[in-house]
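> To start, I am sharing the structure in question, which I have written as structure tokens.
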2 protein chains.
Amino acid sequence: MPHILIIGGSDAGVSAALRARELDHRTEITLVYADEHPNFSVCGLPYYLGGEVADWRSLAHRSAAEIASHNLELLSGHRATAIDPVRREVEVRGPAGHPQTLRYDKLVLGTGSRPRRPDWPGLELPRVHFLHTPGDGIRLGRVLDEVRPRRAAIIGGGYIALEMAEALLRRGLEVSLILRGRMPLASTDAELGEILAKHSLAAGVQIFPQTRVKGIKIKGERPTVVGEDGFTATADLVLVAAGVVPATELAASAGLTLGASGAIQVNRRLESSVPGIWAAGDVAESYHRLLQQAVFLPLGTTAHRQGRIAGENAVGGNREYPGTLGTQVMKLFGFGAARTGVGEDEARAAGFQPRSVTITAPDHKAYYPGARELWLRLTGDDRTGRLLGAQLLGPATAAVAKRIDILATALYQNLLVEELNDLDLAYAPPFSSPWDPIQMAAQAWVAAGER
Amino acid sequence: MPHILIIGGSDAGVSAALRARELDHRTEITLVYADEHPNFSVCGLPYYLGGEVADWRSLAHRSAAEIASHNLELLSGHRATAIDPVRREVEVRGPAGHPQTLRYDKLVLGTGSRPRRPDWPGLELPRVHFLHTPGDGIRLGRVLDEVRPRRAAIIGGGYIALEMAEALLRRGLEVSLILRGRMPLASTDAELGEILAKHSLAAGVQIFPQTRVKGIKIKGERPTVVGEDGFTATADLVLVAAGVVPATELAASAGLTLGASGAIQVNRRLESSVPGIWAAGDVAESYHRLLQQAVFLPLGTTAHRQGRIAGENAVGGNREYPGTLGTQVMKLFGFGAARTGVGEDEARAAGFQPRSVTITAPDHKAYYPGARELWLRLTGDDRTGRLLGAQLLGPATAAVAKRIDILATALYQNLLVEELNDLDLAYAPPFSSPWDPIQMAAQAWVAAGER
């Protein structure tokens, strides 16, 4: 009986296991994971910490029992420490630390990522937190409940930094956001970051842009963030949200080739340089469908999609990963902010000739109650007319995420900007206009090119 | 100087005029329309009549002045009565009834549709209403305000019938819905109609299914709907919502070929059988992108898209109408109900081998506050795996319209059901799940086929 071993109990690993089982009722499938919380929605942690979700336990996409009910063997609390790809064996250590050897025929690696640790000192100090694992969230939640900090300093300007700024504000803390760049969300065109910064300021977040942190020190009992040019920020709590790096130690032990990004290099079928070993999720590179090259873009959605494909291929399938478009959305202070595809800088770097328009339009017919303004920026290639990307901001109630998904679906198929006007989209006055705002933007883009 | 004449001041005509002007700053463009309300959002009438929109004047997409500001000549209150395609002349009559002759080089017909008048007697009686034009809406509004009817009978089960049932209920009337078939929304698979019927009943609408109306009579001062098998329903107000027919009299006067549906036959560039005359909107047939044949499917969105293309081609463009997918959405009792593509019956009639799955799933992660259930039915072709259509129902706040749009965008490109899982869609817990419900449905469809 063949045996599939899957390492990692988060999105990629669990998706791989479920899909392999769905296609193959006989193969033995074992899922090994290091902590006690498989398939945990780490994206939900800010909502738990902000008090919108009462119990962290509800953040699991599925319980261990639910996963196991699909006839999967679960080895929780077991950390894989080495792979021998010649003997097809993995060494794992359980809670007691004793090594144990597991044989495999096919191996799927979904070991994920870990927080990037900046190279300045102070990361080990008390009240300096990272937020990446369920354990991180539970610990930080306990600090909020028990220590009742008054001031928080957040280092970073990405999704987690912004979501945690709102969460901690909601919990009554004073919050400082310490940014390296001029604006949060450095991965998008600056305009969107500017709007989010404005909303964050209005909500009470203190923002320190263009601040290079040199380290964290303890002053009395409180951690102080120290930066260049005399910057200091003393708080009761520091959250370091400086991105993530792929957790590739195990892959390295097996001699798997890593890509330029540092993540595991995989082919379009997600197989690594060693036949019989697939990689999925944050630990693996992603093929970018628009840039047509491997990138490191760790996202939960990608982990789910890659896991499903790796699981299918591990039981004999031959499916290609269709690629990522970097589609993302976040909720912030009652707004949804979303993007898909590439921004102008990325597009230019990739050899496109990007041209963008920015429009605002009501999310539905203005005469119907509750209409509110959407902000939409569309980027296309001036040479070919091809859609390259979009950024969208609007009230959380205005279907921002699903509107960006329409554009992501158009991008998936390499549509021209003009073709957005060819889409037969749904209209009723409470939901849209006869031309949806994404089509209004497309028309503005086309008209600008005709002038 | 060439002269473009556009007949019809609703969505198709105005879209044609605006697009023609956008592309050609010199051509003389005249828009002739019969009433005083160009570019009026008739889709908004139920919301005005239900009291959600206070002033019917706000229902105009654009005012006459706004349209004219694009350097367009507007002839309001002028009805076109005959076309001479050889001399390239149109006879129009103004408010006083005097005929006048307008020359044209290119002609765009956007004369729209009119309510279908069933062949039973009583349609002319007092308190028997149709709802199609701005005037119809204003008149009905006046009746509601001044006569204060207590009971309404609505004949029909389509979008307008349902929306008006809610509107009149909101105004405090008792409402009966008289259906020819078993369920409202006969154009969708029965399951969705059943759910909408259930919601309508729960809200207080009386539903009389499978009722064949024979006529309307007056009993005392009140109209009574009389049907087969002794059915009668007496009301203070009867609304006949039995669909629409294309208004083709003018086209017939020019000898334009009509299609089997009765609407003007056009090629993919929306040119009629007479060169130099284009038709767009309700008066014209629509190419159905999935069925690959001409259909009569009058929708405001189609009118906008066709008008834009007819306008472009009238100034020398060569753009093809990409086709309709029958994407529609309505708001009903706090829910959104949407469809795109074809249902099982339509698919089977067109030679597909349809297979459907129905799922329910929360609109976003259940742990995040406010999650509510979506109902989703997905139809694919069992032979090819191709997506054929979808029907979706959920709370009006759950991005139902934009979710159906993702599917419409997939249909536009002939995606396989399985490919929905390849889409890189946006995820954050307040907006979706790592697999959006449309992807959950796709996976259920695929898995059912693998069994």
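Just so we're on the same page: first chain in the structure tokens is A, next is B, and so on; residues restart at 1 for each chain, and ligands are numbered from 1 in the order they show up.
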Give me, as number ranges by chain, all polymer residues having an atom no more than 10 Å from segment 239-251 of chain B, counting only C-alpha atoms and skipping those fewer than 5 positions away in the same chain.
B: 7, 79-83, 90, 109-118, 123, 127-132, 140, 152-162, 164-165, 177-180, 256-258, 261-264, 272, 277, 279, 281-285, 296-298
> Run DSSP on the backbone and grab whatever in segment 123-334 of chain A lands in helix (DSSP H, G or I); send it over as a PyMOL selection string.
chain A and resi 134-146+159-170+190-203+228-230+249-253+281-283+300-314
> What are the residues of chain A that have an atom within 8 Å of an atom of chain B, counting only C-alpha atoms, as a ChimeraX atom specification?
/A:22-23,43-44,47,52-53,58-59,300-302,304-305,321-331,338,367-369,397-399,401-406,408-410,412-413,421-431,434-435,447,450
> Quick one: of A:Val315, A:Ile195, A:Ala64, A:Ala349, who's nearest to His3 of chain A, counting only C-alpha atoms?
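Among the listed residues, the smallest separation from His3 of chain A belongs to A:Val315.
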> Tell me, which residues of segment 123-248 of chain B carry DSSP strand (DSSP E), written as a PyMOL selection string?
chain B and resi 128-129+151-155+174-178+206-208+213-219+222-227+232-234+237-240+244-246
> Would you list the contacts of Glu346 of chain A as a ChimeraX atom specification, taking every protein, DNA or RNA residue within 9 Å and counting only C-alpha atoms, but skipping same-chain residues closer than 5 positions in sequence?
/A:187,291,351-352
> Would you output that residue set with C-alpha atoms, as a PDB file, in the first residue's frame?

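The resulting file, part21.pdb, is shown below:
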```pdb
ATOM      1  CA  SER A 187       3.399  46.535  -2.169  1.00  0.00           C
ATOM      2  CA  LEU A 291       4.936  38.059 -14.455  1.00  0.00           C
ATOM      3  CA  GLY A 351       8.810  45.150 -19.087  1.00  0.00           C
ATOM      4  CA  PHE A 352       5.229  46.303 -19.449  1.00  0.00           C
TER       5      PHE A 352
END
```
> Please measure the separation of atom CA of Ala203 of chain B and atom CA of Met183 of chain B, giving the value in Å to one decimal.
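Interatomic distance here is 16.2 Å.
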> Distance atom CA of Ala314 of chain B-atom CA of Leu270 of chain B, one decimal place?
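These atoms are spaced 9.8 Å apart.
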> Which residues are near Asp84 of chain A? Cut-off 10 Å, only C-alpha atoms, ignore same chain within fewer than 2 positions. Put them as a list in words.
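The filter keeps Ala82, Val86, Arg87, Arg88, Glu89, Val90, Glu91, Arg103, Ser253, Ala254 and Gly255 of chain A.
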> Near Leu5 of chain B, counting only C-alpha atoms, which residues have an atom at most 8 Å away, once you skip same-chain residues fewer than 2 positions from it, shown as a PyMOL selection string?
chain B and resi 3+7+29-32+104-108
> Write out as a ChimeraX atom specification each polymer residue whose atoms come within 8 Å of Glu194 of chain A, counting only C-alpha atoms; drop sequence neighbours fewer than 4 positions from it.
/A:183-184,190,198
> Go ahead and dump the residues you just picked, C-alpha atoms, as a PDB file, in the first residue's frame.

```pdb
ATOM      1  CA  MET A 183       3.187  54.809   3.336  1.00  0.00           C
ATOM      2  CA  PRO A 184       1.752  51.557   4.609  1.00  0.00           C
ATOM      3  CA  ALA A 190       1.330  54.771  -3.133  1.00  0.00           C
ATOM      4  CA  LYS A 198      -5.426  58.819   6.244  1.00  0.00           C
TER       5      LYS A 198
END
```
> Fewer than 5 positions away in the same chain doesn't count, so skip those; otherwise give me all residues within 6 Å of Ala16 of chain B, counting only C-alpha atoms, as an NGL selection string.
:B and (307-308 or 310-311)
> Would you write out those residues with C-alpha atoms, as a short mmCIF file (atom, residue, chain, number, x, y, z; two decimals), in the first residue's frame?

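That gives us again-v1.cif:
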```cif
data_model
loop_
_atom_site.label_atom_id
_atom_site.label_comp_id
_atom_site.auth_asym_id
_atom_site.auth_seq_id
_atom_site.Cartn_x
_atom_site.Cartn_y
_atom_site.Cartn_z
CA GLY B 307 -25.61 51.03 -27.37
CA ARG B 308 -21.94 51.67 -26.74
CA ALA B 310 -23.60 50.61 -32.00
CA GLY B 311 -22.41 54.14 -31.32
#
```
> So how far away is atom CA of His70 of chain A from atom CA of Gly137 of chain A, in Å?
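So the two atoms, atom CA of Gly137 of chain A and atom CA of His70 of chain A, lie 28.1 Å apart.
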> Closest to Ala20 of chain A among A:Leu378, A:Pro354, A:Arg148, A:Gly317, using only C-alpha atoms?
A:Gly317
